[in-house]
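One file, protein.cif, carrying mmCIF, C-alpha atoms:
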data_structure
#
loop_
_atom_site.group_PDB
_atom_site.id
_atom_site.type_symbol
_atom_site.label_atom_id
_atom_site.label_comp_id
_atom_site.auth_asym_id
_atom_site.auth_seq_id
_atom_site.Cartn_x
_atom_site.Cartn_y
_atom_site.Cartn_z
ATOM 1 C CA MET A 1 107.790 86.864 94.752
ATOM 2 C CA ASP A 2 110.593 87.592 97.222
ATOM 3 C CA ASP A 3 111.599 85.844 100.444
ATOM 4 C CA ILE A 4 109.303 87.998 102.572
ATOM 5 C CA ASP A 5 106.314 87.120 100.363
ATOM 6 C CA LYS A 6 107.193 83.435 100.642
ATOM 7 C CA LYS A 7 107.545 83.669 104.407
ATOM 8 C CA ILE A 8 104.151 85.382 104.661
ATOM 9 C CA LEU A 9 102.504 82.865 102.304
ATOM 10 C CA ARG A 10 103.790 79.910 104.282
ATOM 11 C CA ALA A 11 102.471 81.330 107.537
ATOM 12 C CA VAL A 12 99.186 82.743 106.289
ATOM 13 C CA GLN A 13 98.093 79.438 104.717
ATOM 14 C CA SER A 14 97.709 77.557 107.938
ATOM 15 C CA LYS A 15 98.977 79.575 110.859
ATOM 16 C CA LEU A 16 97.021 82.790 110.693
ATOM 17 C CA PRO A 17 96.392 83.628 114.372
ATOM 18 C CA ILE A 18 92.745 83.710 115.424
ATOM 19 C CA ALA A 19 92.887 87.104 117.083
ATOM 20 C CA GLU A 20 91.165 90.471 117.174
ATOM 21 C CA LYS A 21 94.110 91.863 115.209
ATOM 22 C CA PRO A 22 95.240 88.856 113.166
ATOM 23 C CA TRP A 23 97.579 90.778 110.830
ATOM 24 C CA ALA A 24 99.418 92.363 113.752
ATOM 25 C CA ALA A 25 99.690 88.958 115.455
ATOM 26 C CA LEU A 26 101.001 87.354 112.253
ATOM 27 C CA GLY A 27 103.487 90.219 111.930
ATOM 28 C CA ARG A 28 104.782 89.626 115.457
ATOM 29 C CA GLU A 29 105.420 85.959 114.646
ATOM 30 C CA LEU A 30 107.315 86.848 111.496
ATOM 31 C CA GLY A 31 109.106 89.942 112.772
ATOM 32 C CA LEU A 32 107.177 92.204 110.406
ATOM 33 C CA GLY A 33 104.870 95.154 111.011
ATOM 34 C CA GLU A 34 101.097 95.030 110.730
ATOM 35 C CA GLU A 35 101.134 97.650 107.953
ATOM 36 C CA GLN A 36 103.648 95.629 105.996
ATOM 37 C CA ILE A 37 101.611 92.417 106.367
ATOM 38 C CA ILE A 38 98.431 94.152 105.197
ATOM 39 C CA ALA A 39 100.187 95.744 102.228
ATOM 40 C CA ARG A 40 101.902 92.500 101.173
ATOM 41 C CA LEU A 41 98.719 90.422 101.505
ATOM 42 C CA GLY A 42 96.779 92.996 99.502
ATOM 43 C CA ASP A 43 99.408 92.762 96.812
ATOM 44 C CA LEU A 44 99.434 88.928 96.801
ATOM 45 C CA LYS A 45 95.668 89.024 96.300
ATOM 46 C CA LYS A 46 95.895 91.594 93.545
ATOM 47 C CA ARG A 47 98.443 89.411 91.775
ATOM 48 C CA GLY A 48 96.024 86.500 92.020
ATOM 49 C CA ILE A 49 98.298 84.325 94.163
ATOM 50 C CA ILE A 50 95.929 84.373 97.135
ATOM 51 C CA ARG A 51 92.300 83.607 96.293
ATOM 52 C CA ARG A 52 90.827 84.442 99.675
ATOM 53 C CA ILE A 53 91.673 84.610 103.378
ATOM 54 C CA GLY A 54 89.168 83.206 105.815
ATOM 55 C CA GLY A 55 87.879 80.025 107.402
ATOM 56 C CA ASN A 56 87.235 76.616 105.885
ATOM 57 C CA PHE A 57 84.638 74.531 107.651
ATOM 58 C CA ASP A 58 84.109 70.813 107.989
ATOM 59 C CA SER A 59 80.755 69.969 106.442
ATOM 60 C CA SER A 60 80.189 66.872 108.580
ATOM 61 C CA SER A 61 80.904 68.733 111.858
ATOM 62 C CA LEU A 62 78.226 71.216 110.856
ATOM 63 C CA GLY A 63 75.875 68.306 110.234
ATOM 64 C CA TRP A 64 75.885 68.812 106.472
ATOM 65 C CA ALA A 65 76.159 66.032 103.897
ATOM 66 C CA ALA A 66 78.904 65.747 101.276
ATOM 67 C CA THR A 67 79.576 63.371 98.433
ATOM 68 C CA LEU A 68 81.844 62.810 95.452
ATOM 69 C CA CYS A 69 79.943 62.413 92.185
ATOM 70 C CA ALA A 70 81.037 61.031 88.853
ATOM 71 C CA ALA A 71 79.049 61.320 85.634
ATOM 72 C CA LYS A 72 79.342 59.725 82.199
ATOM 73 C CA VAL A 73 78.685 62.644 79.890
ATOM 74 C CA PRO A 74 78.646 62.359 76.088
ATOM 75 C CA GLU A 75 80.748 65.049 74.379
ATOM 76 C CA ASP A 76 77.733 66.626 72.708
ATOM 77 C CA LYS A 77 76.142 67.231 76.104
ATOM 78 C CA PHE A 78 79.321 68.200 77.894
ATOM 79 C CA SER A 79 79.063 71.989 78.118
ATOM 80 C CA GLN A 80 75.339 71.931 78.855
ATOM 81 C CA PHE A 81 75.882 69.417 81.649
ATOM 82 C CA VAL A 82 78.809 71.325 83.169
ATOM 83 C CA GLU A 83 76.823 74.540 83.169
ATOM 84 C CA ALA A 84 73.896 72.832 84.905
ATOM 85 C CA VAL A 85 76.101 71.163 87.544
ATOM 86 C CA ASN A 86 78.140 74.264 88.288
ATOM 87 C CA ALA A 87 74.976 76.280 88.884
ATOM 88 C CA TYR A 88 74.499 74.475 92.224
ATOM 89 C CA PRO A 89 76.236 76.428 95.003
ATOM 90 C CA GLY A 90 76.924 73.127 96.794
ATOM 91 C CA VAL A 91 79.113 71.959 93.905
ATOM 92 C CA THR A 92 82.487 73.317 95.004
ATOM 93 C CA HIS A 93 84.982 71.403 92.836
ATOM 94 C CA ASN A 94 84.445 70.022 89.367
ATOM 95 C CA TYR A 95 86.972 68.456 86.997
ATOM 96 C CA ARG A 96 87.034 66.782 83.621
ATOM 97 C CA ARG A 97 88.946 63.529 84.064
ATOM 98 C CA ASP A 98 90.326 60.904 81.690
ATOM 99 C CA HIS A 99 87.842 58.087 82.195
ATOM 100 C CA GLN A 100 84.461 56.826 80.990
ATOM 101 C CA TYR A 101 83.203 58.768 83.974
ATOM 102 C CA ASN A 102 84.553 62.039 82.671
ATOM 103 C CA VAL A 103 83.000 64.648 84.995
ATOM 104 C CA TRP A 104 83.856 64.501 88.712
ATOM 105 C CA PHE A 105 82.437 66.931 91.220
ATOM 106 C CA THR A 106 81.953 67.350 94.957
ATOM 107 C CA PHE A 107 78.498 68.185 96.252
ATOM 108 C CA ILE A 108 77.693 69.593 99.714
ATOM 109 C CA ALA A 109 74.179 70.285 101.034
ATOM 110 C CA GLU A 110 72.267 70.361 104.288
ATOM 111 C CA ASN A 111 71.354 66.718 103.891
ATOM 112 C CA MET A 112 71.791 63.800 101.519
ATOM 113 C CA GLU A 113 68.146 63.856 100.415
ATOM 114 C CA GLN A 114 68.718 67.322 99.012
ATOM 115 C CA ILE A 115 71.772 66.120 97.075
ATOM 116 C CA ASP A 116 69.941 63.077 95.710
ATOM 117 C CA LYS A 117 67.072 65.293 94.670
ATOM 118 C CA SER A 118 69.431 67.694 92.888
ATOM 119 C CA LEU A 119 71.127 64.808 91.074
ATOM 120 C CA ALA A 120 67.746 63.512 89.922
ATOM 121 C CA GLU A 121 66.851 66.994 88.687
ATOM 122 C CA LEU A 122 70.153 67.188 86.899
ATOM 123 C CA SER A 123 69.557 63.879 85.108
ATOM 124 C CA GLN A 124 66.104 65.010 84.121
ATOM 125 C CA ALA A 125 67.264 68.370 82.812
ATOM 126 C CA THR A 126 70.314 67.157 80.884
ATOM 127 C CA GLY A 127 69.470 63.606 79.872
ATOM 128 C CA VAL A 128 72.672 62.401 81.549
ATOM 129 C CA THR A 129 71.457 59.396 83.489
ATOM 130 C CA ASP A 130 74.669 57.771 84.674
ATOM 131 C CA ILE A 131 75.660 59.816 87.721
ATOM 132 C CA CYS A 132 77.333 58.028 90.632
ATOM 133 C CA SER A 133 77.263 59.422 94.153
ATOM 134 C CA MET A 134 79.932 58.172 96.571
ATOM 135 C CA PRO A 135 79.476 59.621 100.065
ATOM 136 C CA SER A 136 82.514 59.348 102.317
ATOM 137 C CA LEU A 137 82.468 56.678 104.991
ATOM 138 C CA ARG A 138 85.741 57.633 106.580
ATOM 139 C CA LYS A 139 88.275 60.407 106.130
ATOM 140 C CA TYR A 140 91.908 59.402 106.557
ATOM 141 C CA LYS A 141 93.470 62.670 105.485
ATOM 142 C CA ILE A 142 92.680 66.125 104.263
ATOM 143 C CA LYS A 143 95.522 68.543 103.856
ATOM 144 C CA VAL A 144 94.885 71.733 102.034
ATOM 145 C CA ASP A 145 98.078 73.697 102.434
ATOM 146 C CA PHE A 146 101.283 73.030 100.583
ATOM 147 C CA PRO A 147 104.853 74.160 101.060
ATOM 148 C CA VAL A 148 105.610 77.380 99.189
ATOM 149 C CA MET B 1 79.373 70.843 119.223
ATOM 150 C CA GLY B 2 76.192 72.909 119.052
ATOM 151 C CA ILE B 3 76.210 75.668 116.467
ATOM 152 C CA ASP B 4 73.964 78.519 117.518
ATOM 153 C CA ARG B 5 72.595 81.527 115.684
ATOM 154 C CA LEU B 6 75.653 83.679 116.462
ATOM 155 C CA ASP B 7 78.057 80.945 115.317
ATOM 156 C CA LYS B 8 76.170 80.732 112.030
ATOM 157 C CA ARG B 9 76.550 84.475 111.487
ATOM 158 C CA ILE B 10 80.244 84.250 112.303
ATOM 159 C CA ILE B 11 80.670 81.310 109.892
ATOM 160 C CA ALA B 12 78.827 83.253 107.189
ATOM 161 C CA PHE B 13 81.306 86.094 107.696
ATOM 162 C CA VAL B 14 84.609 84.210 107.780
ATOM 163 C CA GLN B 15 83.745 81.855 104.924
ATOM 164 C CA GLY B 16 84.076 84.945 102.743
ATOM 165 C CA ASP B 17 87.197 87.032 102.435
ATOM 166 C CA LEU B 18 88.425 88.758 105.625
ATOM 167 C CA PRO B 19 88.854 92.507 105.224
ATOM 168 C CA LEU B 20 92.507 93.544 105.229
ATOM 169 C CA LYS B 21 91.909 96.023 108.025
ATOM 170 C CA SER B 22 93.634 96.123 111.374
ATOM 171 C CA ARG B 23 90.485 94.844 113.125
ATOM 172 C CA PRO B 24 88.622 92.697 110.576
ATOM 173 C CA PHE B 25 85.979 91.515 113.092
ATOM 174 C CA GLN B 26 85.033 94.965 114.354
ATOM 175 C CA GLY B 27 82.116 95.523 111.966
ATOM 176 C CA LEU B 28 80.737 92.008 112.478
ATOM 177 C CA ALA B 29 80.940 92.283 116.280
ATOM 178 C CA THR B 30 79.048 95.575 116.226
ATOM 179 C CA GLU B 31 76.412 94.106 113.939
ATOM 180 C CA LEU B 32 75.954 91.092 116.237
ATOM 181 C CA GLY B 33 76.021 93.178 119.405
ATOM 182 C CA ILE B 34 78.926 91.212 120.915
ATOM 183 C CA SER B 35 82.574 92.034 121.525
ATOM 184 C CA GLU B 36 85.381 91.239 119.101
ATOM 185 C CA ALA B 37 86.823 89.083 121.891
ATOM 186 C CA GLU B 38 83.656 86.980 121.818
ATOM 187 C CA VAL B 39 83.861 86.563 118.032
ATOM 188 C CA VAL B 40 87.467 85.423 118.414
ATOM 189 C CA ALA B 41 86.606 83.071 121.305
ATOM 190 C CA ARG B 42 83.847 81.436 119.246
ATOM 191 C CA LEU B 43 86.161 81.044 116.249
ATOM 192 C CA GLN B 44 88.806 79.527 118.501
ATOM 193 C CA ALA B 45 86.273 77.068 119.919
ATOM 194 C CA MET B 46 85.220 76.051 116.403
ATOM 195 C CA ALA B 47 88.871 75.570 115.443
ATOM 196 C CA ASP B 48 89.571 73.522 118.589
ATOM 197 C CA GLN B 49 86.635 71.245 117.856
ATOM 198 C CA GLY B 50 87.538 70.785 114.207
ATOM 199 C CA VAL B 51 84.413 72.543 112.969
ATOM 200 C CA MET B 52 86.704 75.121 111.397
ATOM 201 C CA ARG B 53 89.309 73.006 109.630
ATOM 202 C CA ARG B 54 91.533 75.867 108.729
ATOM 203 C CA PHE B 55 91.881 79.591 109.174
ATOM 204 C CA GLY B 56 94.078 81.283 106.641
ATOM 205 C CA ALA B 57 94.719 81.942 102.992
ATOM 206 C CA THR B 58 93.600 79.789 100.102
ATOM 207 C CA LEU B 59 95.968 80.048 97.179
ATOM 208 C CA ARG B 60 94.581 80.321 93.686
ATOM 209 C CA HIS B 61 96.571 77.454 92.277
ATOM 210 C CA GLN B 62 97.303 74.955 94.991
ATOM 211 C CA LYS B 63 100.830 75.486 93.731
ATOM 212 C CA SER B 64 103.988 74.496 95.353
ATOM 213 C CA GLY B 65 106.225 73.093 92.693
ATOM 214 C CA PHE B 66 103.680 70.311 92.273
ATOM 215 C CA ALA B 67 102.522 70.749 88.722
ATOM 216 C CA ALA B 68 100.774 67.396 88.406
ATOM 217 C CA ASN B 69 98.209 65.550 90.423
ATOM 218 C CA VAL B 70 96.021 62.525 90.051
ATOM 219 C CA MET B 71 93.009 61.117 91.802
ATOM 220 C CA VAL B 72 93.603 57.431 92.453
ATOM 221 C CA ALA B 73 90.603 55.195 93.037
ATOM 222 C CA TRP B 74 91.589 51.926 94.748
ATOM 223 C CA ARG B 75 89.555 48.741 94.987
ATOM 224 C CA VAL B 76 90.290 47.456 98.480
ATOM 225 C CA PRO B 77 88.701 44.552 100.385
ATOM 226 C CA ALA B 78 86.457 46.021 103.098
ATOM 227 C CA ALA B 79 88.487 44.497 105.926
ATOM 228 C CA ASP B 80 91.654 46.147 104.577
ATOM 229 C CA CYS B 81 90.302 49.652 104.162
ATOM 230 C CA ASP B 82 91.649 51.168 107.361
ATOM 231 C CA ARG B 83 95.092 49.620 106.936
ATOM 232 C CA VAL B 84 95.401 50.838 103.355
ATOM 233 C CA GLY B 85 93.748 54.207 103.993
ATOM 234 C CA GLU B 86 95.994 55.035 106.911
ATOM 235 C CA ARG B 87 99.127 53.912 105.088
ATOM 236 C CA LEU B 88 98.246 55.996 102.019
ATOM 237 C CA ALA B 89 97.453 58.987 104.244
ATOM 238 C CA SER B 90 100.952 58.792 105.712
ATOM 239 C CA PHE B 91 102.588 59.660 102.373
ATOM 240 C CA ARG B 92 103.515 63.347 102.231
ATOM 241 C CA ARG B 93 102.505 63.525 98.577
ATOM 242 C CA VAL B 94 98.959 62.412 99.400
ATOM 243 C CA SER B 95 96.738 65.394 100.244
ATOM 244 C CA HIS B 96 93.343 63.702 100.543
ATOM 245 C CA CYS B 97 92.384 60.144 101.365
ATOM 246 C CA TYR B 98 88.819 58.882 101.845
ATOM 247 C CA HIS B 99 86.941 55.623 102.169
ATOM 248 C CA ARG B 100 83.728 56.010 100.170
ATOM 249 C CA GLU B 101 80.563 54.092 99.468
ATOM 250 C CA ILE B 102 80.760 52.358 96.125
ATOM 251 C CA CYS B 103 78.167 52.959 93.464
ATOM 252 C CA ASP B 104 76.867 50.621 90.767
ATOM 253 C CA GLY B 105 78.886 51.965 87.878
ATOM 254 C CA PHE B 106 82.155 52.613 89.707
ATOM 255 C CA ASP B 107 82.985 50.159 92.437
ATOM 256 C CA TYR B 108 86.248 51.530 93.820
ATOM 257 C CA ASN B 109 86.064 52.331 97.511
ATOM 258 C CA LEU B 110 89.218 54.230 98.488
ATOM 259 C CA PHE B 111 90.226 57.566 96.987
ATOM 260 C CA SER B 112 93.473 59.488 97.289
ATOM 261 C CA MET B 113 94.911 62.612 95.678
ATOM 262 C CA VAL B 114 98.584 62.267 94.796
ATOM 263 C CA HIS B 115 100.795 65.227 93.840
ATOM 264 C CA GLY B 116 104.050 65.334 91.927
ATOM 265 C CA ARG B 117 106.228 67.402 89.658
ATOM 266 C CA SER B 118 105.092 65.694 86.468
ATOM 267 C CA GLU B 119 102.574 63.132 85.289
ATOM 268 C CA GLU B 120 105.498 60.726 84.954
ATOM 269 C CA GLU B 121 106.574 61.234 88.561
ATOM 270 C CA VAL B 122 102.985 60.932 89.775
ATOM 271 C CA ARG B 123 102.629 57.574 87.981
ATOM 272 C CA GLN B 124 105.824 56.321 89.633
ATOM 273 C CA LEU B 125 104.693 57.494 93.056
ATOM 274 C CA VAL B 126 101.404 55.648 92.668
ATOM 275 C CA GLU B 127 103.224 52.461 91.621
ATOM 276 C CA GLU B 128 105.396 52.690 94.728
ATOM 277 C CA MET B 129 102.333 53.247 96.902
ATOM 278 C CA ALA B 130 100.539 50.318 95.285
ATOM 279 C CA ARG B 131 103.485 48.003 96.077
ATOM 280 C CA GLU B 132 103.666 49.361 99.585
ATOM 281 C CA VAL B 133 99.968 48.784 100.384
ATOM 282 C CA ARG B 134 99.836 45.577 98.279
ATOM 283 C CA ILE B 135 96.840 46.669 96.221
ATOM 284 C CA ASP B 136 97.200 46.386 92.454
ATOM 285 C CA ASP B 137 93.625 47.128 91.493
ATOM 286 C CA TYR B 138 93.341 50.857 91.006
ATOM 287 C CA ALA B 139 92.323 53.496 88.476
ATOM 288 C CA LEU B 140 94.256 56.678 87.693
ATOM 289 C CA LEU B 141 91.968 59.631 87.127
ATOM 290 C CA PHE B 142 94.000 62.502 85.733
ATOM 291 C CA SER B 143 92.229 65.837 85.639
ATOM 292 C CA ARG B 144 92.191 67.393 82.192
ATOM 293 C CA GLU B 145 90.282 70.560 82.925
ATOM 294 C CA GLU B 146 89.224 72.465 86.033
ATOM 295 C CA LEU B 147 85.520 73.139 85.562
ATOM 296 C CA LYS B 148 84.802 74.761 88.927
ATOM 297 C CA LYS B 149 86.709 75.489 92.099
ATOM 298 C CA THR B 150 85.309 77.488 94.954
ATOM 299 C CA SER B 151 84.961 77.413 98.726
ATOM 300 C CA MET B 152 81.688 76.204 100.192
ATOM 301 C CA ARG B 153 79.415 78.848 101.693
ATOM 302 C CA TYR B 154 77.251 77.538 104.520
ATOM 303 C CA TYR B 155 74.358 79.547 105.988
#

Mind turning this structure into structure tokens?
Amino acid sequence: MDDIDKKILRAVQSKLPIAEKPWAALGRELGLGEEQIIARLGDLKKRGIIRRIGGNFDSSSLGWAATLCAAKVPEDKFSQFVEAVNAYPGVTHNYRRDHQYNVWFTFIAENMEQIDKSLAELSQATGVTDICSMPSLRKYKIKVDFPV
Amino acid sequence: MGIDRLDKRIIAFVQGDLPLKSRPFQGLATELGISEAEVVARLQAMADQGVMRRFGATLRHQKSGFAANVMVAWRVPAADCDRVGERLASFRRVSHCYHREICDGFDYNLFSMVHGRSEEEVRQLVEEMAREVRIDDYALLFSREELKKTSMRYY
């Protein structure tokens, strides 16, 4: 990754112009041509550095419900449970963590009833009964871009 | 802000991966029977209102020289939540900070993600934060395996 790639990565993470020709607009800000921006971004994707370029939406502004869940999963049920949880499109992040509650995932759906129903289904299907749901009451910070 | 049928279609489009073409909204605009300028104006309105939190690239590994991270769950008296939450949020190494409902099995109410160059450094950072906010009841939840990571698709 050279300096131009780094410059593009920094800008494209959070300052991609909302414009009819966003790559040209980004190029103008960085002193680079549209063609060059498109080629470099294509390459950064191909190399797996960029996962996707698009919009991220705030679930609560859209009126959707979101929660953080934690489950106590015995080792012998671990892979079965993970497969079942990950099958829900509303489960966007899932991690194994060092704790009695060893599986932590975020769950987004149109409403909380739907999430609670899915969690009940999940318990039923996997035999994992200890699943905590901790909806957010207040958000103090969410920052998704990092310095490159 | 009211989200109408057109907004939903626009959200469905940009929550995917934008085409790397000079005019990425051209096809969508044609399909919706509106101008590209209108697509852009609606996206801008959603960004202004915070409905669209971010417009840009998501990196595969939220990398940045920060190799380690930890989720810290804090047990904070209800009356102190805003003070502690806002103070924690002000640290540059904290990316996320939420006040959450407690549940029966896990009664910690404040959650923050802390990033550092190593597990060692992350532990030190959390100790400093704990002294700073005067809360010594917390749990460190290190991630040991990423089991799923994707962007939400609405509509």

Show me a table, sorted first by chain and then by increasing residue number, of the residues of chain A having an atom at most 7 Å from chain B, each with its shortest atom pair and the distance in Å to one decimal, counting all atoms listed in the file and written as a Markdown table.
| residue | atom | partner | partner_atom | distance |
| --- | --- | --- | --- | --- |
| A:Val12 | CA | B:Gly56 | CA | 5.3 |
| A:Gln13 | CA | B:Ala57 | CA | 4.5 |
| A:Ser14 | CA | B:Gly56 | CA | 5.4 |
| A:Lys15 | CA | B:Gly56 | CA | 6.7 |
| A:Leu16 | CA | B:Gly56 | CA | 5.2 |
| A:Ile18 | CA | B:Val40 | CA | 6.3 |
| A:Ala19 | CA | B:Val40 | CA | 5.8 |
| A:Glu20 | CA | B:Arg23 | CA | 6.0 |
| A:Lys21 | CA | B:Arg23 | CA | 5.1 |
| A:Trp23 | CA | B:Ser22 | CA | 6.7 |
| A:Ile38 | CA | B:Leu20 | CA | 6.0 |
| A:Gly48 | CA | B:Arg60 | CA | 6.6 |
| A:Ile49 | CA | B:Arg60 | CA | 5.5 |
| A:Ile50 | CA | B:Leu59 | CA | 4.3 |
| A:Arg51 | CA | B:Arg60 | CA | 4.8 |
| A:Arg52 | CA | B:Asp17 | CA | 5.2 |
| A:Ile53 | CA | B:Ala57 | CA | 4.1 |
| A:Gly54 | CA | B:Val14 | CA | 5.1 |
| A:Gly55 | CA | B:Phe55 | CA | 4.4 |
| A:Asn56 | CA | B:Arg54 | CA | 5.2 |
| A:Phe57 | CA | B:Met52 | CA | 4.3 |
| A:Asp58 | CA | B:Val51 | CA | 5.3 |
| A:Ser61 | CA | B:Val51 | CA | 5.3 |
| A:Leu62 | CA | B:Val51 | CA | 6.7 |
| A:Asn86 | CA | B:Lys148 | CA | 6.7 |
| A:Gly90 | CA | B:Met152 | CA | 6.6 |
| A:Thr92 | CA | B:Thr150 | CA | 5.0 |
| A:His93 | CA | B:Lys149 | CA | 4.5 |
| A:Asn94 | CA | B:Lys148 | CA | 4.8 |
| A:Tyr95 | CA | B:Glu146 | CA | 4.7 |
| A:Arg96 | CA | B:Glu145 | CA | 5.0 |
| A:Arg97 | CA | B:Ser143 | CA | 4.3 |
| A:Asp98 | CA | B:Phe142 | CA | 5.7 |
| A:His99 | CA | B:Leu141 | CA | 6.6 |
| A:Cys132 | CA | B:Cys103 | CA | 5.9 |
| A:Ser133 | CA | B:Cys103 | CA | 6.6 |
| A:Met134 | CA | B:Glu101 | CA | 5.0 |
| A:Pro135 | CA | B:Arg100 | CA | 5.6 |
| A:Ser136 | CA | B:Arg100 | CA | 4.2 |
| A:Leu137 | CA | B:Arg100 | CA | 5.0 |
| A:Arg138 | CA | B:His99 | CA | 5.0 |
| A:Lys139 | CA | B:Tyr98 | CA | 4.6 |
| A:Tyr140 | CA | B:Cys97 | CA | 5.3 |
| A:Lys141 | CA | B:Cys97 | CA | 5.0 |
| A:Ile142 | CA | B:His96 | CA | 4.5 |
| A:Lys143 | CA | B:Ser95 | CA | 4.9 |
| A:Val144 | CA | B:Ser95 | CA | 6.8 |
| A:Phe146 | CA | B:Ser64 | CA | 6.1 |
| A:Pro147 | CA | B:Ser64 | CA | 5.8 |
| A:Val148 | CA | B:Ser64 | CA | 5.1 |

Under the PyMOL selection byres ((chain A and resi 125) around 12), which residues of this model are included? Write them out as an NGL selection string. :A and (77 or 80-85 or 118-124 or 126-129)

Between atom CA of Gly31 of chain A and atom CA of Ala45 of chain B, what is the distance in Å, rounded to a tenth?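 Computing the Euclidean distance for atom CA of Gly31 of chain A and atom CA of Ala45 of chain B yields 27.2 Å.
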
Could you tell me, as a list of chain:residue names, exactly which residues end up selected when the PyMOL selection byres ((chain A and resi 73) around 8) is applied to this structure? A:Ala71, A:Lys72, A:Pro74, A:Glu75, A:Lys77, A:Phe78, A:Phe81, A:Tyr101, A:Asn102, A:Val103, A:Val128, A:Asp130

Here atom CA of Val133 of chain B and atom CA of Phe91 of chain B stand apart by 11.4 Å

Counting all atoms listed in the file, the option among A:Asp116, A:Pro17, A:Ile4, A:Ile131 closest to Ile37 of chain A: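 Between A:Asp116, A:Pro17, A:Ile4, A:Ile131, the residue approaching Ile37 of chain A most closely is A:Ile4.
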
For the file shown, what are the residues hit by the PyMOL selection byres ((chain A and resi 109) around 8), laid out as an MDAnalysis selection string? chainID A and resid 64:66 90 107:108 110:112 114:115

Work out how far atom CA of Ala11 of chain A is from atom CA of Glu29 of chain A, in Å to one decimal. 9.0 Å

Draw an axis-aligned box tight on the listed atoms of segment 45-48 of chain A, then pad every side by 8 Å and write out centre and edge lengths in Å to one decimal as lines of an AutoDock Vina configuration file.
center_x = 97.1
center_y = 89.0
center_z = 94.0
size_x = 18.8
size_y = 21.1
size_z = 20.5

For Asp2 of chain A, the nearest of the candidates A:Pro22, A:Leu44, A:Gly63, A:Leu30, counting all atoms listed in the file: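 Comparing A:Pro22, A:Leu44, A:Gly63, A:Leu30 against Asp2 of chain A, the winner is A:Leu44.
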
Around the point (100.2, 94.1, 115.7) in the file's coordinates, collect all residues with an atom within 6 Å, using only C-alpha atoms, and return them as a ChimeraX atom specification. /A:24-25,34

I need the residues from that last selection saved to file as an mmCIF file, in the frame of the given file (with C-alpha atoms), if you can.
data_model
loop_
_atom_site.group_PDB
_atom_site.id
_atom_site.type_symbol
_atom_site.label_atom_id
_atom_site.label_comp_id
_atom_site.auth_asym_id
_atom_site.auth_seq_id
_atom_site.Cartn_x
_atom_site.Cartn_y
_atom_site.Cartn_z
ATOM 1 C CA ALA A 24 99.418 92.363 113.752
ATOM 2 C CA ALA A 25 99.690 88.958 115.455
ATOM 3 C CA GLU A 34 101.097 95.030 110.730
#
